[in-house]
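Undergrad: I'd like to ask some things about the structure below.
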Amino acid sequence: MKKIFSFIFGSAFILFSCSDNYLETAPTNQISDLAVFQTVEGAQTAIDGVLRDMRSQHGAANMHDQFGVKAIDLSVDLMGEDIAVEKFHWFGADYRFENRTANDPRSLYAWSLFYRIVYNVNGIINHIDEAASDSENLKKNLKAQALTLRAYSYFQLVQLFQHTYSGHENEPGVPVYTDATTEGFPRNTVAEVYQQITEDLQVAVQLFETSNMPQRHISDPTVNVARGLWARVALVMEDWQTAAEMASAARQGYPIMAATAYSTGFDNYSQQNWMWGFEVNNEQSTTYASWFSHMDWSIGGYCGFGFSPKSFSLQLYNQMEDGDVRKALVDTTSIASGSLVPRKFSAGNDKGFAADLVLMRPEEMLLIEAEARVRMEEEAVARNLLRVLRDQRFDNPEPLYSTGQALLQKILLERRIELWGEGFRGFDLKRLKLGVDRNNSNHNPLVARTMSLPAESEKFIYQIPQTEIDANPNIGEEDQNP
């Protein structure tokens, strides 16, 4: 019987230990899979390895667009219209919607990255209850972290390899594995994948709450992170009540950052109020194969050297209001040539290539709740939430009187502006069933090639990697996405 393609799981247990507040490499060739789960220390080492793998460079040394989950975030953002790529280089295929075929490195990378996470955390989930420990709370916390990471992985996979939840519940999603197996499973339906995601997050929240342990490190999932992921999932599922409740609970204890903090470069988690992210140091920096290399104009990476500048969208910029700190962070000096230089992510005067990576912020949670509230016709609540954010982005924000559809569009626009560059736009286009329109902006047709797409175009979804089809007896050519 064919096995699921081996290179994903052959190196799956890439284990690390935590030292000096960073996740450091630990030798793994002397640790058997079973031994890892005989103690909580082994399970913690496995989780540290997963978290390190999520921000590591993969593939050949010269593959500079495979640096963990932030590489996927960037590819998702480039499938929208809010970032204009000025030259064809790394991530050019993502920008052109030429990244989705069965033999393309992007679909294979996303598939292998997230299923490697699933494989590793399944071992923790299934064995941690028997691990030796004097602390039941620690065991619960580790299991909750593993469940959160599994839910995160399946959520990313099902969004990448199928259309949104609503209207596609019975269509093929991705295979669901709850054991650390190398046997290839068939594709579960979208509804089944989302059911597994929500069940994992529900159990994770319960375990986090009963264990009641503090976050050890900014990279560790917590109850707030699990609730935040649940809010994201519920938003896609159009479960507005759950989305509002989870988003509200997730951001408790995390104030909305002030304009001064927003302007510090998004490169150092200690200067801001992130809920979840990755701390990076000089030793662990992936330099040119990094998110900041491709998005930051202030350091000497691909973007900063001008090999592949990523500009702020002129169309989005023109919708921003004067007095907004986020608009002030867009340099329009070269606007005549089509360049709007974003300064939101700027590590040049601080951390350089060792810049930290953001995964979740309370501002996202506020915007999820605001959107959910207005969809439930709780417009006064939604306006108040939006005011809380705008009070920290404007010196003198305009009063909000919008209602109905106008209020919803205002919230969605705020979401585009506030979360620009953080990996949401492509997925938002999918869940909102919107097309792409890059016309009347600063997108160059010679670079972009694809200037518009209809809603729910097949180009929004990746094909199953050919290596998976070749190796998995339960997924054939007939199961492939169009």
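A note on labels: chains of the structure tokens are A, B, ... as shown, every chain counts residues from 1, and ligands are counted from 1 in their shown order.
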Segment 219-231 of chain A: which residues within 6 Å, counting only C-alpha atoms, same-chain residues fewer than 5 positions away excluded, as a PyMOL selection string?

TA: chain A and resi 145+148+201+205+208+243+246-247+250+276-278

Undergrad: Once DSSP has gone over the backbone, tell me which residues of segment 277-435 of chain A are in helix (DSSP H, G or I), as a PyMOL selection string.

TA: chain A and resi 291-295+314-317+325-328+335-337+352-354+362-375+379-390+404-418+425-431

Undergrad: For Ala258 of chain A, work out the shell of residues within 8 Å, counting only C-alpha atoms and skipping chain neighbours fewer than 2 positions away, then give it as number ranges by chain.

TA: A: 256, 260-262, 392-393

Undergrad: Restrict the calculation to only C-alpha atoms, then for each residue of segment 149-266 of chain A with any atom at most 9 Å from an atom of segment 340-354 of chain A give the closest atom pair and their distance in Å to one decimal, rows by chain and rising residue number, as CSV.

TA:
```
residue,atom,partner,partner_atom,distance
A:Tyr262,CA,A:Lys344,CA,7.7
A:Ser263,CA,A:Lys344,CA,6.6
A:Thr264,CA,A:Ser346,CA,7.6
A:Gly265,CA,A:Ser346,CA,4.3
A:Phe266,CA,A:Phe345,CA,5.2
```

Undergrad: Using only C-alpha atoms, determine which residues lie at most 7 Å from segment 366-368 of chain A, disregarding the query and same-chain residues fewer than 2 positions distant; provide the list as an mmCIF file with C-alpha atoms, in the first residue's frame.

TA:
```cif
data_model
loop_
_atom_site.group_PDB
_atom_site.id
_atom_site.type_symbol
_atom_site.label_atom_id
_atom_site.label_comp_id
_atom_site.auth_asym_id
_atom_site.auth_seq_id
_atom_site.Cartn_x
_atom_site.Cartn_y
_atom_site.Cartn_z
ATOM 1 C CA ALA A 243 -17.283 34.830 16.586
ATOM 2 C CA ALA A 244 -18.310 37.808 18.742
ATOM 3 C CA ALA A 247 -13.174 37.517 19.925
ATOM 4 C CA SER A 248 -14.298 39.506 22.956
ATOM 5 C CA PRO A 362 -6.181 42.174 19.907
ATOM 6 C CA GLU A 363 -7.058 44.685 17.177
ATOM 7 C CA GLU A 364 -7.999 41.781 14.913
ATOM 8 C CA ALA A 370 -17.422 44.465 15.384
ATOM 9 C CA GLU A 371 -18.185 42.662 12.119
ATOM 10 C CA ALA A 372 -20.090 39.908 13.895
ATOM 11 C CA LEU A 385 -16.039 48.901 19.132
ATOM 12 C CA ILE A 411 -15.667 47.840 9.431
ATOM 13 C CA ARG A 415 -9.943 45.588 8.744
#
```

Undergrad: Which one of A:Gln206, A:Asp65, A:Gln272, A:Ser112 sits closest to Ala93 of chain A if you count only C-alpha atoms?

TA: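 With only C-alpha atoms as the atom set, the closest residue is A:Asp65.
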
Undergrad: Hey, which of A:Met360, A:Leu400, A:Ala259, A:Asp82 ends up closest to Asn318 of chain A? Count only C-alpha atoms.

TA: A:Asp82

Undergrad: When distances are computed from only C-alpha atoms, which of A:Ile475, A:Leu419, A:Leu207, A:Ala84 shows the smallest separation from Pro445 of chain A?

TA: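 Among A:Ile475, A:Leu419, A:Leu207, A:Ala84, it is A:Ala84 that comes nearest to Pro445 of chain A.
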
Undergrad: Can you pull out the residues contacting Ile47 of chain A? Cut-off 12 Å, using only C-alpha atoms, and skip same-chain residues under 4 positions away; I want them as a compact mmCIF listing (two decimals) with C-alpha atoms, in the first residue's frame.

TA:
```txt
# COMPACT_ATOMS: atom_id res chain seq x y z
CA ALA A 12 8.74 15.30 11.17
CA PHE A 13 10.25 15.12 14.62
CA ILE A 14 12.48 18.17 14.43
CA LEU A 15 12.84 18.75 18.15
CA PHE A 16 14.13 21.77 20.01
CA SER A 17 14.51 22.90 23.58
CA CYS A 18 13.90 26.31 25.10
CA LEU A 23 13.82 28.07 20.97
CA VAL A 36 9.49 11.88 23.52
CA PHE A 37 6.09 11.35 25.12
CA VAL A 40 6.28 16.28 29.88
CA GLU A 41 9.80 17.53 29.19
CA GLY A 42 9.82 15.44 26.02
CA ALA A 43 6.39 16.72 25.00
CA LEU A 51 7.07 26.23 16.89
CA ARG A 52 10.63 26.56 15.64
CA ASP A 53 9.73 24.71 12.43
CA MET A 54 6.87 27.16 11.88
CA ILE A 117 2.75 20.23 12.31
CA VAL A 118 -0.29 17.94 12.46
CA TYR A 119 1.85 14.81 12.57
CA ASN A 120 3.99 16.10 15.41
CA VAL A 121 1.21 17.43 17.61
CA ASN A 122 -0.89 14.29 17.11
CA GLY A 123 1.81 12.40 18.98
CA ILE A 124 1.53 14.84 21.86
CA ILE A 125 -2.27 14.83 21.91
CA ILE A 128 0.52 13.27 26.90
CA ASN A 141 -1.51 22.96 29.13
CA LEU A 142 0.74 21.05 26.72
CA LYS A 143 -2.20 19.14 25.30
CA ALA A 144 -4.12 22.39 24.86
CA GLN A 145 -1.17 23.91 23.00
CA ALA A 146 -0.98 20.88 20.71
CA LEU A 147 -4.73 20.96 19.99
CA THR A 148 -4.51 24.67 19.20
CA LEU A 149 -1.66 24.10 16.75
CA ARG A 150 -3.55 21.26 15.08
CA SER A 219 5.34 31.84 20.73
CA ASP A 220 3.33 29.54 23.01
CA PRO A 221 -0.39 29.22 22.25
```

Undergrad: I'd like the interatomic distance between atom CA of His217 of chain A and atom CA of Ser135 of chain A, to a tenth of an Å.

TA: 19.0 Å

Undergrad: Go ahead and compute the interatomic distance for atom CA of Phe305 of chain A and atom CA of Asp331 of chain A, in Å to one decimal.

TA: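 These atoms are spaced 16.7 Å apart.
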
Undergrad: I want to know what sits within 12 Å of Ala455 of chain A, based on only C-alpha atoms, with residues of the same chain fewer than 2 positions away left out; could you give that as a list in words?

TA: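 Returned residues: Gly80, His163, Thr164, Gly426, Asp428, Leu429, Lys430, Arg431, Leu432, Lys433, Leu434, Gly435, Val436, Asp437, Ser452, Leu453, Ser457, Glu458, Lys459, Phe460 and Ile461 of chain A.
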
Undergrad: Give the strand (DSSP E or B) residues of segment 302-479 of chain A, as assigned by DSSP on the backbone, as a list in words.

TA: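 Selecting the strand (DSSP E or B) positions of segment 302-479 of chain A gives Lys310, Ser311, Phe312, Asp324, Val330, Asp331, Val341, Pro342, Leu357, Val358, Leu359, Met360, Phe394, Val436, Asp437, Ser452 and Leu453 of chain A.
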
Undergrad: Which residue gives the smallest distance to Glu377 of chain A among A:Ser339, A:Thr242, A:Gln159, A:Thr403, with only C-alpha atoms counted?

TA: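 The answer is A:Thr403, which sits nearest to Glu377 of chain A.
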